[in-house]
Each structure stands twice: as structure tokens, then as C-alpha cells.
Amino acid sequence: MSGTESVILRGGRYGLGGPVRDILVEGGVVAAVAPAGELSGAAVLSLDDATVLPGLVDTHVHVEQWVIHERSVDLAAATGPGHAARLLREHAAGNGLLFGRDLVPALWDEPPHKSHLDAALGDVPVVVRSIDLHTTWFSSAALALIGEAGHPTGVLRETESIEANARVGELLPAAEVDGWVAAALARLPARGLTGLVDLEYGDNLAAWRRRALSPVRVHAGIWTPWLDAAIAEGRRTGDVLEDTGGRVHVGPYKIVSDGSLNTRTAWCADPYPDHSHGLCLVGGDELRALMRKASAAGLSPAVHAIGDRANTEVLDAFEEIGCGGRIEHAQLVGVEDMPRFARIGVIASVQPQHAVTDRDVADRHWAGRTGRAFAYRSLHDAGARLELGSDAPVSPLEPWHAIADAVYRRDDERAPWHPEQALPVDVAITAACGGRSVPAVGAVADLTVVAGDPLVATETGLRRTPVIATLVAGAFTHRSS
């Protein structure tokens, strides 16, 4: 079915717990909603016990890093740098690039060093990314490939790490990476995904013009090195990118204002156990100048802020400039700052899987503050608009797992972590649908149809929600048998 054909979705719930309705999809939009059985004149898909939702959207993905992550050695179980190097050695073959992932050095007693990798792997170029993507550990051979042969430790953090990873990406054939991306995106409609925001560091607009038609709607983010070019070309957030079949849009303008919890660089008011407060990477006049420049040109800011000092700084900048936008992560927020999201119109773009995977690190490094960490219920109660993402590859790109983590605050057999911050099911699913609760008449027909009613699902049932159909602009991208 193309976006110009018509179909009636007959007899499903219109939104969570909603009334049974017919929904006419025509010309790529939701053309009409009526009581079941009243619409006719088009092909019919009978839904029976099903629920029609606005399409699920993952609002924070790093697409190229996600597909490289899938081809990397899992080091989550490593207890230290020597153990991690031995695990990598088991997978070394020849002298091609070897990638490792999900390093958690925040829980190690000994810091990593290039010498650990060199001793175990010799001349094999090794690139290992931490679980939060804010630290990258290189062997000497890999450092030489990216022009960093003299680096003293091989452990690069924050901006240095981001830029080094971009140079690593340039070593990989673009056609091969694009093939990995196409294969990965093809899996998403079966999970109910209709869209994602790609915040990969690089020339995203050029990358997405190069790629084949995407089965999901992509909003391609812009970073500072490419900001002037985007403004000169007249790019505005939300515009369709030419020659992409209408599926790729200009995304937000991304700024990273501070670091991360796992790297202990999130900028915080209170100190970490080592007495540091983290890092302000972009703040003050520089932050405001960049945000003002982008917003004046029609590019909506999406500002990474994890620590409470960073969130205060970014909210101050949004309020001073008077523009809307997003704060990415909002992991540790001061109580006095929570109402400000709603008051100044800033979206809290959050990743619920982080709350459960980072609970041990938070208990160790944010002790005494975790009641306002990943505080989704407090933000919601304060009126903030929440939107959910994965930060893939930091967390799996599994929207129903993200929803369940927001609702149940756990992903293992332990008791929920700070259950007072759990979201109601309807709030979590609305946030996973880009802040929309029902498919509005006249809206683009990006739709997710699921079996049953997620409002009454068990924890396991919510994670395993069966997706019956997914539509993007009225075209089926997934339809179960």
C-alpha cells in the first residue's frame, strides 16, 4: 500500500483504553474517525481486540554507532582492564579494526590504559566504547590510525572521544556502513517504530541523502561543525530533506553541555566521591550564542544535560533566549528546576532504560541524590512534556522495553529502583509516541497497531506487546500474518 491508497482500520480501540472506532487512512493522513462499522469505500483491515496508537518514535539514537555496536565485543561483564583485554583477545582475527562495547569503568578499581590492550593484542587496532559513549579506549595501533599516536593513556573522554570516534568512522567504507544501517532499520517497523531522531556526530544530512529509502521517518540532527552550512542552505527543523522519499527530515541542533554519569563528568552541584563536580563542556555565553544562532535560523536546539548544574544552566539559556527545544537526558534535576520545563516549553527527552542500567553507578556516585535522578514522575507531575528514546546503542532500541522500564523501574529480578518515580502506563506510552495520545484527524498517518490493550498488560506482557501493523504516511511498513 502506498501513501495515496486508502484503508479502513476497523474496530480497534482508538487510543489506549479508547472507544472502538473505524479509522480511515487516505492520502497518507488520518482522514476520518467514526464508530465501528460506519465507514466504507476502502479496503478494510479488521482489528478485533487491538489498539491503534500514534506511531512510536525513538527520540534519541546514534545510528552509525548503533550498527557498529552490533558488531562489537560485549565487555559489560569485564571486571577490570586486564579482564576486558583478555576478552577482546578471544575475538581478534588478523589486524582489522576490533571494536569493544559496554565498558563500565565507573565500577572498576583500576583505570584502563592503552598498555592493557597492547599487551594482550599487540598490533591489532582496538577501539572500545564505554556504555555511555563518553569514553573511548584505544590501543596504540588504533591511536596511530586516527592521528593520535602520542596520546599518553589511550583513554579519550567527552569532545576528544566524540571527534576521535568520527575519525574511526571515516576508516569504514560508507557503502558498507549504509548496508548495516539499512539492515538495522528494516527491523524497526516490527517493533512498532515509525520514526527516530538520529543524533549521530557527523554530517547527518549528507549521510541520509546518500542512503536508500528508510522504512521509518528519520529526523537527522545537526552538530556545531555543520551548523553554518545548514543555515546557509536554509535548513529548518522539520523540513523534508530532498531526494529521500519524504521520509527524512531536518532534525534538531545538538549541543553537548556536560558529560555523563558513567564517566563522572556530568556537571553536578554536589561533588562525586573523588570531590570533582564533573565538566561544563559548553556553557555560559558560548551556549547562549549557539542556541540563539540556531533558533533564529529555525533550527530547534536539543541540548544534552545530565547533571543538575548542567540542567540549570541549559534551562537558564532557554528561558533567556525565549525559544523552545529539548533537553536530552535530564538525568539529575534540581527540585526547583522541574516546573521550569513546562513553564518555558522545553521537552524532557529521556531514556528510561538508563534508569535501570545505571542504578548501581548512580547509587555509588550520586549517593544521597538518587531520589531526583531519572525523576520521570516528578517531571511529569510538574507539567513537563516527556518523550522517550533509547540513546541506542547506549540502550537497546526496543521501545516496549523502554516503556516497561519507565513503568516498572527495573529490568531484572531486583525490587524497583525508586518506584515513586514510575510513570503510569498511559503516560509512558504517550511519551513513546512523541507526546501524542491518539491519531488525530488530519494528522500524518504514522500509526502503530498493537494486539490487546497495553493499559491492562502485565509487566512481561508490556515488554512483549505484539505489533499487528505499522504505517508510515499511510503505507504499511509492517503487517503481521
# chains A, B, ... in the order shown; residues from 1 in each chain; ligands from 1
call {"tool": "residues_around", "arguments": {"residues": "segment 156-163 of chain A", "least_positions_apart": "2", "cutoff": "6 Å", "atoms": "only C-alpha atoms", "output": "JSON, numbers by chain"}}
result
{"A": [134, 135, 136, 165, 166]}
call {"tool": "residues_around", "arguments": {"residues": "Ala84 of chain A", "least_positions_apart": "3", "cutoff": "10 Å", "atoms": "only C-alpha atoms", "output": "count of residues only"}}
result
19
call {"tool": "closest_residue", "arguments": {"among": "A:Leu47, A:Val181, A:Ile8, A:Leu143", "to": "Val30 of chain A", "atoms": "only C-alpha atoms"}}
result
A:Ile8
call {"tool": "select_by_dssp", "arguments": {"residues": "segment 41-83 of chain A", "states": "strand (DSSP E or B)", "output": "list in words"}}
result
Ala43, Val44, Leu45, Ser46, Ala50, Thr51, Val52, Leu53, Pro54, Leu56, Val57, Asp58, Thr59, His60, Val61, Val73 and Asp74 of chain A
call {"tool": "residues_around", "arguments": {"residues": "Phe99 of chain A", "least_positions_apart": "3", "cutoff": "9 Å", "atoms": "only C-alpha atoms", "output": "PDB file with C-alpha atoms, in the first residue's frame"}}
result
ATOM      1  CA  ILE A  68      28.917  -0.636  14.840  1.00  0.00           C
ATOM      2  CA  HIS A  69      27.883  -1.614  18.375  1.00  0.00           C
ATOM      3  CA  ARG A  71      29.437  -5.776  15.500  1.00  0.00           C
ATOM      4  CA  SER A  72      31.419  -5.203  18.707  1.00  0.00           C
ATOM      5  CA  VAL A  73      32.580  -7.461  21.528  1.00  0.00           C
ATOM      6  CA  LEU A  88      38.920  -8.933  23.319  1.00  0.00           C
ATOM      7  CA  PRO A 125      43.855  -1.755  16.303  1.00  0.00           C
ATOM      8  CA  VAL A 126      41.275  -1.853  19.087  1.00  0.00           C
ATOM      9  CA  VAL A 127      38.519   0.692  19.799  1.00  0.00           C
ATOM     10  CA  VAL A 128      36.440   0.179  22.937  1.00  0.00           C
ATOM     11  CA  ARG A 129      33.484   2.386  23.807  1.00  0.00           C
TER      12      ARG A 129
END
